[in-house]
Amino acid sequence: MRSDLLFERLLHNWPAKVLSVAIAIFLFLFNRMATLEERFFSVPLEVHSSENFIPAESLPENVRVTIRGRSQEVNLILAEDIRAWIDFSGFDHEGTFSAAVQIEKKGAALHADPIEIRVDPATLTIRFEKRMRKSVEVSPNVTGFPAKGYELSQYFLTPTTVEVEGVRSTIEHLRSVSTEDIDIGGKTEDFTVRVRLERPDQTTRFPGGDVVEFYGVIQESVILKSLENLDVIALDLDPSFELSGEMPSNQMRIQGRQLLLEGLGQGDIRFTIDCSTIERPGTYLLPLVPDVPQGILVLRYDPAEVRVDVRYAEVQEPQQ
């Protein structure tokens, strides 16, 4: 009898009672939510994949993690207390796959309760290709020009080939990799520089290291030059004689350092003929001899001989 009375009292005006309890629960949760605090972290993303397959596109290095909980607990949590990772290791063939980003609590995050953790992005869709590795040549990317009159005559790379690893679609067609810019602007002497290699794409890496040594040999530029109608000087001609008539046309092909050749003046390069054996007037066939400064190489000249007419020198009467 008494239990019936108790049950009747409980059911009396039950809608109002249920509503009161619901409002009380809502106010409790609202109060809890109002006292919660949010913090944001940028957390490194670990990527697990099959040893034989690697991402064929760039992956985010970090993910954004949002933590919501009581302020006294949330404020104790550091970025190092959250680990973010994604697992593609179950895929063993090429293709495009999706996986969810996983979160693991560590340190202070383990003892925070209750706590809400969200990650952005929550899932990633990535294309995977077979991992490939091979040896390719190193090609130096030389820029600029040495000082005037100088040139890069040769260079040496150490090493000349490197191991490169990446996705199949990139590596199978790769024949060489370039260095970063090697500036030789204004140089006048040999030099050595260490320079990094440029990756063909973001998925490529160099297992043995991405730095090579470049040794450049800088030398003065050597040029060729053709000259025509040079002066012909008669050497050791008896003062009582003189040459008559005009000399035939001549030409000379020379080789030398650019700065030296460009600095020569008129008359520095000429021909000579030896007249020391001439004892009387007449016509003589004499060898034509190039006369050039030291450091200049005569490649060829023409003619080899000239015919000269020799006569007695005219005696000029002294002026009154």
# chains A, B, ... in the order shown; residues from 1 in each chain; ligands from 1
>>> residues_around(residues="Phe88 (chain A)", least_positions_apart="6", cutoff="12 Å", atoms="only C-alpha atoms", output="PyMOL selection string")
chain A and resi 46-55+94-102+123-128
>>> write_last_selection(atoms="C-alpha atoms", output="short mmCIF file (atom, residue, chain, number, x, y, z; two decimals), in the first residue's frame")
data_model
loop_
_atom_site.label_atom_id
_atom_site.label_comp_id
_atom_site.auth_asym_id
_atom_site.auth_seq_id
_atom_site.Cartn_x
_atom_site.Cartn_y
_atom_site.Cartn_z
CA GLU A 46 54.47 10.66 -39.02
CA VAL A 47 53.80 8.69 -42.20
CA HIS A 48 54.04 4.90 -42.16
CA SER A 49 54.11 3.17 -45.53
CA SER A 50 55.34 0.01 -47.17
CA GLU A 51 59.10 -0.20 -47.66
CA ASN A 52 58.66 -0.73 -51.40
CA PHE A 53 56.10 2.03 -52.03
CA ILE A 54 56.34 5.74 -51.27
CA PRO A 55 54.07 8.79 -51.71
CA GLU A 94 50.64 1.42 -56.75
CA GLY A 95 47.48 3.48 -56.55
CA THR A 96 45.63 6.22 -54.67
CA PHE A 97 44.64 5.44 -51.08
CA SER A 98 42.93 7.17 -48.15
CA ALA A 99 43.64 6.80 -44.44
CA ALA A 100 42.64 8.55 -41.23
CA VAL A 101 45.11 10.57 -39.18
CA GLN A 102 45.57 8.88 -35.79
CA THR A 123 41.99 12.00 -43.44
CA LEU A 124 44.48 12.11 -46.30
CA THR A 125 44.21 10.73 -49.83
CA ILE A 126 47.63 10.06 -51.34
CA ARG A 127 48.92 8.46 -54.53
CA PHE A 128 51.65 5.83 -54.00
#
>>> select_by_dssp(residues="region 83-310 of chain A", states="strand (DSSP E or B)", output="CSV table (one decimal) with N, CA and C atoms, in the first residue's frame")
chain,number,residue,atom,x,y,z
A,83,ARG,N,51.0,12.9,-30.3
A,83,ARG,CA,51.6,12.3,-31.5
A,83,ARG,C,50.6,12.0,-32.6
A,84,ALA,N,50.9,12.5,-33.8
A,84,ALA,CA,50.0,12.3,-34.9
A,84,ALA,C,50.7,11.4,-36.0
A,85,TRP,N,50.0,10.4,-36.5
A,85,TRP,CA,50.5,9.5,-37.5
A,85,TRP,C,49.4,9.0,-38.4
A,86,ILE,N,49.9,8.5,-39.5
A,86,ILE,CA,48.9,8.0,-40.5
A,86,ILE,C,49.6,6.7,-41.1
A,87,ASP,N,48.8,5.7,-41.3
A,87,ASP,CA,49.4,4.4,-41.6
A,87,ASP,C,48.9,3.9,-43.0
A,88,PHE,N,49.8,3.9,-44.0
A,88,PHE,CA,49.6,3.4,-45.3
A,88,PHE,C,50.3,2.1,-45.6
A,95,GLY,N,48.9,3.0,-56.5
A,95,GLY,CA,47.5,3.5,-56.5
A,95,GLY,C,47.3,4.7,-55.6
A,96,THR,N,46.0,5.1,-55.5
A,96,THR,CA,45.6,6.2,-54.7
A,96,THR,C,44.8,5.7,-53.5
A,97,PHE,N,45.2,6.0,-52.3
A,97,PHE,CA,44.6,5.4,-51.1
A,97,PHE,C,44.3,6.5,-50.1
A,98,SER,N,43.3,6.3,-49.2
A,98,SER,CA,42.9,7.2,-48.2
A,98,SER,C,43.1,6.5,-46.8
A,99,ALA,N,43.5,7.3,-45.8
A,99,ALA,CA,43.6,6.8,-44.4
A,99,ALA,C,43.4,7.9,-43.5
A,100,ALA,N,42.9,7.6,-42.3
A,100,ALA,CA,42.6,8.6,-41.2
A,100,ALA,C,43.9,8.9,-40.4
A,102,GLN,N,45.8,9.4,-37.1
A,102,GLN,CA,45.6,8.9,-35.8
A,102,GLN,C,46.3,9.8,-34.8
A,103,ILE,N,45.7,9.8,-33.6
A,103,ILE,CA,46.2,10.6,-32.5
A,103,ILE,C,46.6,9.8,-31.3
A,104,GLU,N,47.7,10.0,-30.7
A,104,GLU,CA,48.1,9.3,-29.5
A,104,GLU,C,48.5,10.3,-28.4
A,105,LYS,N,47.9,10.1,-27.2
A,105,LYS,CA,48.2,11.0,-26.1
A,105,LYS,C,49.4,10.5,-25.4
A,115,ILE,N,38.8,15.1,-22.0
A,115,ILE,CA,39.5,16.0,-23.0
A,115,ILE,C,39.0,15.6,-24.4
A,116,GLU,N,38.8,16.6,-25.2
A,116,GLU,CA,38.4,16.4,-26.6
A,116,GLU,C,39.6,16.8,-27.5
A,117,ILE,N,39.9,15.9,-28.4
A,117,ILE,CA,41.0,16.1,-29.4
A,117,ILE,C,40.5,16.0,-30.8
A,118,ARG,N,40.7,17.0,-31.6
A,118,ARG,CA,40.3,17.0,-33.0
A,118,ARG,C,41.6,17.3,-33.8
A,119,VAL,N,41.6,16.7,-35.0
A,119,VAL,CA,42.8,16.9,-35.9
A,119,VAL,C,42.3,17.3,-37.3
A,120,ASP,N,43.1,18.2,-37.9
A,120,ASP,CA,42.8,18.7,-39.2
A,120,ASP,C,44.0,18.7,-40.1
A,123,THR,N,41.6,13.1,-42.5
A,123,THR,CA,42.0,12.0,-43.4
A,123,THR,C,42.8,12.6,-44.6
A,124,LEU,N,43.6,11.7,-45.2
A,124,LEU,CA,44.5,12.1,-46.3
A,124,LEU,C,44.3,11.1,-47.4
A,125,THR,N,44.3,11.6,-48.6
A,125,THR,CA,44.2,10.7,-49.8
A,125,THR,C,45.5,11.0,-50.6
A,126,ILE,N,46.3,9.9,-50.8
A,126,ILE,CA,47.6,10.1,-51.3
A,126,ILE,C,47.8,9.0,-52.4
A,127,ARG,N,48.5,9.4,-53.5
A,127,ARG,CA,48.9,8.5,-54.5
A,127,ARG,C,50.3,7.9,-54.2
A,128,PHE,N,50.4,6.5,-54.3
A,128,PHE,CA,51.6,5.8,-54.0
A,128,PHE,C,52.2,5.2,-55.3
A,129,GLU,N,53.5,5.2,-55.4
A,129,GLU,CA,54.2,4.5,-56.5
A,129,GLU,C,55.4,3.7,-55.9
A,130,LYS,N,55.8,2.8,-56.8
A,130,LYS,CA,56.9,1.9,-56.4
A,130,LYS,C,58.2,2.7,-56.1
A,131,ARG,N,58.9,2.4,-55.1
A,131,ARG,CA,60.2,3.0,-54.8
A,131,ARG,C,61.3,2.5,-55.8
A,132,MET,N,62.1,3.5,-56.3
A,132,MET,CA,63.1,3.1,-57.3
A,132,MET,C,64.4,3.9,-56.9
A,133,ARG,N,65.5,3.2,-57.2
A,133,ARG,CA,66.8,3.8,-56.9
A,133,ARG,C,67.8,3.5,-58.0
A,134,LYS,N,68.7,4.5,-58.3
A,134,LYS,CA,69.7,4.2,-59.3
A,134,LYS,C,70.8,5.3,-59.3
A,135,SER,N,71.9,5.1,-60.0
A,135,SER,CA,73.0,6.1,-60.0
A,135,SER,C,72.9,6.9,-61.3
A,136,VAL,N,73.0,8.2,-61.2
A,136,VAL,CA,72.9,9.2,-62.3
A,136,VAL,C,74.1,10.1,-62.3
A,137,GLU,N,74.4,10.8,-63.4
A,137,GLU,CA,75.5,11.7,-63.5
A,137,GLU,C,75.1,13.1,-62.8
A,138,VAL,N,76.1,13.8,-62.4
A,138,VAL,CA,75.9,15.1,-61.8
A,138,VAL,C,76.3,16.1,-62.9
A,139,SER,N,75.4,17.1,-63.2
A,139,SER,CA,75.6,18.1,-64.2
A,139,SER,C,75.7,19.5,-63.5
A,140,PRO,N,76.9,20.2,-63.6
A,140,PRO,CA,77.0,21.5,-62.9
A,140,PRO,C,76.2,22.6,-63.6
A,141,ASN,N,75.6,23.4,-62.8
A,141,ASN,CA,74.8,24.5,-63.4
A,141,ASN,C,75.7,25.8,-63.2
A,142,VAL,N,76.5,26.1,-64.2
A,142,VAL,CA,77.5,27.2,-64.1
A,142,VAL,C,76.8,28.5,-64.7
A,143,THR,N,76.9,29.6,-63.9
A,143,THR,CA,76.3,30.8,-64.3
A,143,THR,C,77.3,31.9,-64.3
A,150,TYR,N,89.4,36.1,-69.5
A,150,TYR,CA,89.6,34.9,-68.8
A,150,TYR,C,88.4,33.9,-69.1
A,151,GLU,N,88.6,32.7,-68.9
A,151,GLU,CA,87.6,31.7,-69.2
A,151,GLU,C,87.7,30.5,-68.3
A,152,LEU,N,86.6,29.8,-68.2
A,152,LEU,CA,86.6,28.5,-67.4
A,152,LEU,C,87.1,27.4,-68.4
A,153,SER,N,88.3,27.0,-68.3
A,153,SER,CA,88.9,26.1,-69.3
A,153,SER,C,88.5,24.7,-69.0
A,154,GLN,N,88.3,24.3,-67.7
A,154,GLN,CA,87.8,23.0,-67.4
A,154,GLN,C,87.4,22.9,-65.9
A,155,TYR,N,86.7,21.9,-65.6
A,155,TYR,CA,86.2,21.7,-64.2
A,155,TYR,C,86.3,20.2,-63.8
A,156,PHE,N,86.2,20.0,-62.5
A,156,PHE,CA,86.2,18.7,-61.9
A,156,PHE,C,85.1,18.6,-60.9
A,157,LEU,N,84.3,17.5,-60.9
A,157,LEU,CA,83.3,17.3,-59.9
A,157,LEU,C,83.6,16.1,-59.1
A,158,THR,N,83.4,16.2,-57.8
A,158,THR,CA,83.6,15.1,-56.8
A,158,THR,C,82.3,15.0,-55.9
A,161,THR,N,79.0,11.0,-60.0
A,161,THR,CA,77.7,10.4,-60.0
A,161,THR,C,77.2,10.3,-58.6
A,162,VAL,N,75.9,10.2,-58.5
A,162,VAL,CA,75.3,10.1,-57.1
A,162,VAL,C,74.1,9.1,-57.2
A,163,GLU,N,73.8,8.5,-56.1
A,163,GLU,CA,72.6,7.7,-55.9
A,163,GLU,C,71.4,8.5,-55.7
A,164,VAL,N,70.3,8.2,-56.4
A,164,VAL,CA,69.1,9.0,-56.3
A,164,VAL,C,68.0,8.0,-56.1
A,165,GLU,N,67.0,8.4,-55.2
A,165,GLU,CA,65.9,7.5,-54.9
A,165,GLU,C,64.6,8.3,-54.9
A,166,GLY,N,63.6,7.7,-55.4
A,166,GLY,CA,62.3,8.3,-55.5
A,166,GLY,C,61.2,7.4,-56.1
A,167,VAL,N,60.1,8.1,-56.6
A,167,VAL,CA,59.1,7.3,-57.2
A,167,VAL,C,59.4,6.8,-58.6
A,176,SER,N,70.4,12.5,-65.3
A,176,SER,CA,71.3,13.3,-64.6
A,176,SER,C,70.6,14.2,-63.6
A,177,VAL,N,71.3,14.8,-62.6
A,177,VAL,CA,70.8,15.8,-61.7
A,177,VAL,C,71.7,17.0,-61.8
A,178,SER,N,71.1,18.2,-61.6
A,178,SER,CA,71.9,19.4,-61.7
A,178,SER,C,72.2,19.9,-60.3
A,179,THR,N,73.3,20.7,-60.2
A,179,THR,CA,73.6,21.4,-59.0
A,179,THR,C,72.9,22.7,-58.9
A,180,GLU,N,72.9,23.3,-57.7
A,180,GLU,CA,72.5,24.7,-57.6
A,180,GLU,C,73.4,25.6,-58.4
A,181,ASP,N,73.1,26.8,-58.6
A,181,ASP,CA,73.9,27.8,-59.4
A,181,ASP,C,75.4,27.8,-58.8
A,182,ILE,N,76.3,27.8,-59.8
A,182,ILE,CA,77.7,28.0,-59.4
A,182,ILE,C,78.1,29.2,-60.2
A,183,ASP,N,78.3,30.3,-59.5
A,183,ASP,CA,78.6,31.6,-60.1
A,183,ASP,C,80.1,31.8,-60.3
A,191,PHE,N,89.3,28.0,-58.4
A,191,PHE,CA,88.5,28.0,-57.2
A,191,PHE,C,87.8,26.7,-56.9
A,192,THR,N,87.4,26.5,-55.7
A,192,THR,CA,86.7,25.3,-55.2
A,192,THR,C,85.5,25.7,-54.4
A,193,VAL,N,84.4,25.1,-54.7
A,193,VAL,CA,83.1,25.4,-54.0
A,193,VAL,C,82.3,24.1,-53.8
A,194,ARG,N,81.7,24.0,-52.6
A,194,ARG,CA,80.8,22.9,-52.3
A,194,ARG,C,79.4,23.4,-52.6
A,195,VAL,N,78.6,22.6,-53.3
A,195,VAL,CA,77.3,23.0,-53.8
A,195,VAL,C,76.3,21.9,-53.6
A,196,ARG,N,75.1,22.2,-53.3
A,196,ARG,CA,74.0,21.2,-53.2
A,196,ARG,C,73.4,20.8,-54.5
A,197,LEU,N,72.9,19.6,-54.5
A,197,LEU,CA,72.2,19.1,-55.7
A,197,LEU,C,70.7,19.5,-55.7
A,205,ARG,N,65.1,11.9,-53.1
A,205,ARG,CA,66.2,12.2,-52.1
A,205,ARG,C,67.5,11.5,-52.6
A,211,VAL,N,75.5,17.0,-51.5
A,211,VAL,CA,76.5,18.0,-51.6
A,211,VAL,C,77.6,17.4,-52.5
A,212,VAL,N,78.1,18.2,-53.5
A,212,VAL,CA,79.2,17.8,-54.3
A,212,VAL,C,80.2,18.9,-54.3
A,213,GLU,N,81.5,18.6,-54.7
A,213,GLU,CA,82.5,19.6,-54.7
A,213,GLU,C,82.9,19.9,-56.2
A,214,PHE,N,82.9,21.2,-56.5
A,214,PHE,CA,83.2,21.7,-57.9
A,214,PHE,C,84.5,22.4,-57.8
A,215,TYR,N,85.5,22.0,-58.7
A,215,TYR,CA,86.8,22.7,-58.8
A,215,TYR,C,86.8,23.2,-60.2
A,216,GLY,N,86.9,24.6,-60.3
A,216,GLY,CA,87.0,25.2,-61.6
A,216,GLY,C,88.4,25.8,-61.9
A,217,VAL,N,88.8,25.5,-63.2
A,217,VAL,CA,90.1,26.0,-63.6
A,217,VAL,C,89.9,27.2,-64.5
A,218,ILE,N,90.4,28.4,-64.0
A,218,ILE,CA,90.2,29.7,-64.7
A,218,ILE,C,91.6,30.0,-65.4
A,219,GLN,N,91.5,30.2,-66.7
A,219,GLN,CA,92.7,30.6,-67.4
A,219,GLN,C,92.5,31.8,-68.3
A,220,GLU,N,93.6,32.5,-68.7
A,220,GLU,CA,93.4,33.6,-69.6
A,220,GLU,C,92.9,33.0,-70.9
A,222,VAL,N,92.5,32.4,-74.8
A,222,VAL,CA,93.4,32.3,-75.9
A,222,VAL,C,92.6,32.5,-77.2
A,223,ILE,N,92.9,33.5,-78.0
A,223,ILE,CA,92.1,33.8,-79.2
A,223,ILE,C,93.0,33.7,-80.4
A,224,LEU,N,92.4,33.6,-81.6
A,224,LEU,CA,93.1,33.7,-82.9
A,224,LEU,C,92.8,35.0,-83.5
A,225,LYS,N,93.8,35.5,-84.3
A,225,LYS,CA,93.6,36.8,-85.0
A,225,LYS,C,94.3,36.8,-86.3
A,226,SER,N,93.6,37.3,-87.3
A,226,SER,CA,94.2,37.4,-88.6
A,226,SER,C,94.6,38.9,-88.9
A,227,LEU,N,95.8,39.1,-89.4
A,227,LEU,CA,96.3,40.4,-89.7
A,227,LEU,C,96.7,40.5,-91.2
A,228,GLU,N,96.5,41.7,-91.8
A,228,GLU,CA,96.9,41.8,-93.2
A,228,GLU,C,97.7,43.1,-93.4
A,232,VAL,N,106.8,45.8,-93.4
A,232,VAL,CA,108.0,45.0,-93.7
A,232,VAL,C,109.2,45.8,-93.5
A,233,ILE,N,110.1,45.4,-92.5
A,233,ILE,CA,111.2,46.1,-92.2
A,233,ILE,C,112.5,45.5,-92.7
A,234,ALA,N,113.3,46.3,-93.5
A,234,ALA,CA,114.5,45.8,-94.0
A,234,ALA,C,115.6,45.9,-93.0
A,235,LEU,N,116.2,44.8,-92.6
A,235,LEU,CA,117.3,44.8,-91.6
A,235,LEU,C,118.7,44.7,-92.2
A,241,PHE,N,122.3,51.8,-100.1
A,241,PHE,CA,121.3,51.2,-100.9
A,241,PHE,C,119.9,51.6,-100.3
A,242,GLU,N,118.9,51.4,-101.1
A,242,GLU,CA,117.5,51.6,-100.7
A,242,GLU,C,116.6,50.7,-101.5
A,243,LEU,N,115.5,50.3,-100.9
A,243,LEU,CA,114.5,49.5,-101.6
A,243,LEU,C,113.6,50.4,-102.5
A,244,SER,N,113.3,49.9,-103.7
A,244,SER,CA,112.4,50.7,-104.6
A,244,SER,C,111.1,49.9,-104.8
A,251,GLN,N,99.9,38.6,-95.2
A,251,GLN,CA,98.9,38.3,-94.1
A,251,GLN,C,99.5,37.3,-93.1
A,252,MET,N,99.0,37.4,-91.9
A,252,MET,CA,99.6,36.5,-90.8
A,252,MET,C,98.4,36.1,-89.9
A,253,ARG,N,98.4,34.8,-89.5
A,253,ARG,CA,97.4,34.3,-88.6
A,253,ARG,C,98.2,34.0,-87.3
A,254,ILE,N,97.7,34.6,-86.2
A,254,ILE,CA,98.4,34.4,-84.9
A,254,ILE,C,97.5,33.9,-83.8
A,255,GLN,N,98.1,33.4,-82.7
A,255,GLN,CA,97.3,32.9,-81.6
A,255,GLN,C,98.0,33.4,-80.3
A,256,GLY,N,97.2,33.9,-79.3
A,256,GLY,CA,97.8,34.4,-78.1
A,256,GLY,C,96.7,34.7,-77.1
A,257,ARG,N,97.2,35.1,-75.9
A,257,ARG,CA,96.2,35.5,-74.8
A,257,ARG,C,95.5,36.7,-75.2
A,270,ARG,N,105.0,42.6,-87.1
A,270,ARG,CA,105.5,43.0,-88.4
A,270,ARG,C,106.2,41.9,-89.0
A,271,PHE,N,106.7,42.1,-90.3
A,271,PHE,CA,107.6,41.2,-90.9
A,271,PHE,C,109.0,41.9,-91.1
A,272,THR,N,110.0,41.0,-91.2
A,272,THR,CA,111.4,41.6,-91.5
A,272,THR,C,112.0,40.8,-92.6
A,273,ILE,N,112.9,41.4,-93.3
A,273,ILE,CA,113.7,40.7,-94.3
A,273,ILE,C,115.2,41.1,-94.0
A,274,ASP,N,116.0,40.1,-94.2
A,274,ASP,CA,117.5,40.2,-93.9
A,274,ASP,C,118.2,40.7,-95.1
A,282,GLY,N,120.1,45.5,-107.5
A,282,GLY,CA,119.5,44.4,-108.3
A,282,GLY,C,118.2,43.9,-107.6
A,283,THR,N,117.7,42.8,-108.2
A,283,THR,CA,116.5,42.2,-107.7
A,283,THR,C,116.8,40.9,-106.9
A,284,TYR,N,116.2,40.8,-105.7
A,284,TYR,CA,116.6,39.7,-104.8
A,284,TYR,C,115.3,39.1,-104.3
A,285,LEU,N,115.3,37.8,-104.1
A,285,LEU,CA,114.2,37.0,-103.5
A,285,LEU,C,114.6,36.7,-102.0
A,286,LEU,N,114.0,37.3,-101.1
A,286,LEU,CA,114.4,37.2,-99.7
A,286,LEU,C,113.3,36.6,-98.8
A,287,PRO,N,113.6,35.7,-97.8
A,287,PRO,CA,112.6,35.2,-96.9
A,287,PRO,C,111.9,36.3,-96.1
A,289,VAL,N,110.2,37.1,-92.7
A,289,VAL,CA,110.3,36.5,-91.3
A,289,VAL,C,109.3,37.3,-90.4
A,290,PRO,N,108.4,36.6,-89.7
A,290,PRO,CA,107.5,37.3,-88.8
A,290,PRO,C,108.2,37.8,-87.6
A,291,ASP,N,107.9,38.9,-87.1
A,291,ASP,CA,108.5,39.5,-85.9
A,291,ASP,C,107.3,39.8,-84.9
A,297,LEU,N,102.0,33.1,-80.8
A,297,LEU,CA,102.3,32.0,-81.7
A,297,LEU,C,101.8,32.3,-83.1
A,298,VAL,N,102.8,32.2,-84.1
A,298,VAL,CA,102.4,32.4,-85.5
A,298,VAL,C,102.0,31.1,-86.1
A,299,LEU,N,100.7,31.0,-86.5
A,299,LEU,CA,100.2,29.8,-87.0
A,299,LEU,C,100.6,29.7,-88.5
A,300,ARG,N,100.4,30.7,-89.2
A,300,ARG,CA,100.8,30.7,-90.7
A,300,ARG,C,100.9,32.1,-91.2
A,301,TYR,N,101.7,32.3,-92.3
A,301,TYR,CA,101.8,33.6,-92.9
A,301,TYR,C,102.0,33.4,-94.4
A,302,ASP,N,101.8,34.5,-95.1
A,302,ASP,CA,101.9,34.4,-96.6
A,302,ASP,C,102.2,35.8,-97.1
A,305,GLU,N,108.2,34.3,-99.2
A,305,GLU,CA,109.4,35.1,-99.7
A,305,GLU,C,108.8,36.3,-100.5
A,306,VAL,N,109.6,37.4,-100.5
A,306,VAL,CA,109.3,38.6,-101.3
A,306,VAL,C,110.4,38.9,-102.2
A,307,ARG,N,110.0,39.4,-103.4
A,307,ARG,CA,111.0,39.9,-104.3
A,307,ARG,C,111.2,41.4,-104.2
A,308,VAL,N,112.4,41.9,-103.9
A,308,VAL,CA,112.6,43.3,-103.7
A,308,VAL,C,113.6,43.8,-104.7
A,309,ASP,N,113.4,45.1,-105.1
A,309,ASP,CA,114.4,45.8,-106.0
A,309,ASP,C,115.2,46.7,-105.1
A,310,VAL,N,116.6,46.6,-105.3
A,310,VAL,CA,117.5,47.4,-104.6
A,310,VAL,C,118.2,48.3,-105.5
>>> residues_around(residues="Val63 (chain A)", least_positions_apart="3", cutoff="7 Å", atoms="only C-alpha atoms", output="PyMOL selection string")
chain A and resi 42-45+119-121
>>> write_last_selection(atoms="N, CA and C atoms", output="PDB file, in the first residue's frame")
ATOM      1  N   SER A  42      50.446  22.724 -33.627  1.00  0.00           N
ATOM      2  CA  SER A  42      50.904  22.190 -34.906  1.00  0.00           C
ATOM      3  C   SER A  42      51.821  21.032 -34.582  1.00  0.00           C
ATOM      4  N   VAL A  43      51.386  19.838 -34.953  1.00  0.00           N
ATOM      5  CA  VAL A  43      52.068  18.612 -34.547  1.00  0.00           C
ATOM      6  C   VAL A  43      52.664  17.934 -35.780  1.00  0.00           C
ATOM      7  N   PRO A  44      53.928  17.486 -35.717  1.00  0.00           N
ATOM      8  CA  PRO A  44      54.523  16.759 -36.851  1.00  0.00           C
ATOM      9  C   PRO A  44      53.714  15.506 -37.183  1.00  0.00           C
ATOM     10  N   LEU A  45      53.564  15.250 -38.481  1.00  0.00           N
ATOM     11  CA  LEU A  45      52.814  14.080 -38.924  1.00  0.00           C
ATOM     12  C   LEU A  45      53.783  12.975 -39.325  1.00  0.00           C
ATOM     13  N   VAL A 119      41.646  16.702 -35.015  1.00  0.00           N
ATOM     14  CA  VAL A 119      42.804  16.872 -35.892  1.00  0.00           C
ATOM     15  C   VAL A 119      42.327  17.316 -37.272  1.00  0.00           C
ATOM     16  N   ASP A 120      43.090  18.204 -37.881  1.00  0.00           N
ATOM     17  CA  ASP A 120      42.764  18.720 -39.206  1.00  0.00           C
ATOM     18  C   ASP A 120      44.035  18.706 -40.062  1.00  0.00           C
ATOM     19  N   PRO A 121      44.047  17.994 -41.185  1.00  0.00           N
ATOM     20  CA  PRO A 121      42.936  17.217 -41.752  1.00  0.00           C
ATOM     21  C   PRO A 121      42.739  15.894 -41.021  1.00  0.00           C
TER      22      PRO A 121
END
>>> closest_residue(among="A:Thr66, A:Ser240, A:Ser169, A:Gln258", to="Lys148 (chain A)", atoms="only C-alpha atoms")
A:Gln258
>>> select_by_dssp(residues="region 154-270 of chain A", states="alpha helix (DSSP H)", output="CSV table (one decimal) with N, CA and C atoms, in the first residue's frame")
chain,number,residue,atom,x,y,z
A,168,ARG,N,58.9,5.7,-59.0
A,168,ARG,CA,59.2,5.1,-60.3
A,168,ARG,C,59.1,6.1,-61.4
A,169,SER,N,58.0,6.8,-61.5
A,169,SER,CA,57.7,7.7,-62.7
A,169,SER,C,58.7,8.8,-62.9
A,170,THR,N,59.4,9.1,-61.8
A,170,THR,CA,60.5,10.2,-61.9
A,170,THR,C,61.8,9.5,-62.1
A,171,ILE,N,62.2,8.5,-61.4
A,171,ILE,CA,63.5,7.9,-61.4
A,171,ILE,C,63.8,7.2,-62.7
A,258,GLN,N,94.2,36.7,-74.9
A,258,GLN,CA,93.3,37.8,-75.4
A,258,GLN,C,93.8,39.1,-74.8
A,259,LEU,N,94.1,39.2,-73.6
A,259,LEU,CA,94.6,40.5,-73.0
A,259,LEU,C,95.9,41.0,-73.7
A,260,LEU,N,96.7,40.0,-74.0
A,260,LEU,CA,98.0,40.4,-74.7
A,260,LEU,C,97.7,41.0,-76.1
A,261,LEU,N,96.9,40.3,-76.8
A,261,LEU,CA,96.6,40.7,-78.2
A,261,LEU,C,95.9,42.0,-78.3
A,262,GLU,N,94.9,42.2,-77.3
A,262,GLU,CA,94.2,43.4,-77.3
A,262,GLU,C,95.0,44.6,-76.9
>>> closest_residue(among="A:Lys187, A:Pro146, A:Leu174, A:Glu38", to="Thr204 (chain A)", atoms="only C-alpha atoms")
A:Leu174
>>> atom_distance(atom1="CA of Ala56 (chain A)", atom2="CA of Pro207 (chain A)")
17.5 Å
>>> atom_distance(atom1="CA of Pro114 (chain A)", atom2="CA of Glu80 (chain A)")
19.2 Å
>>> atom_distance(atom1="CA of Gly149 (chain A)", atom2="CA of Asp190 (chain A)")
14.5 Å
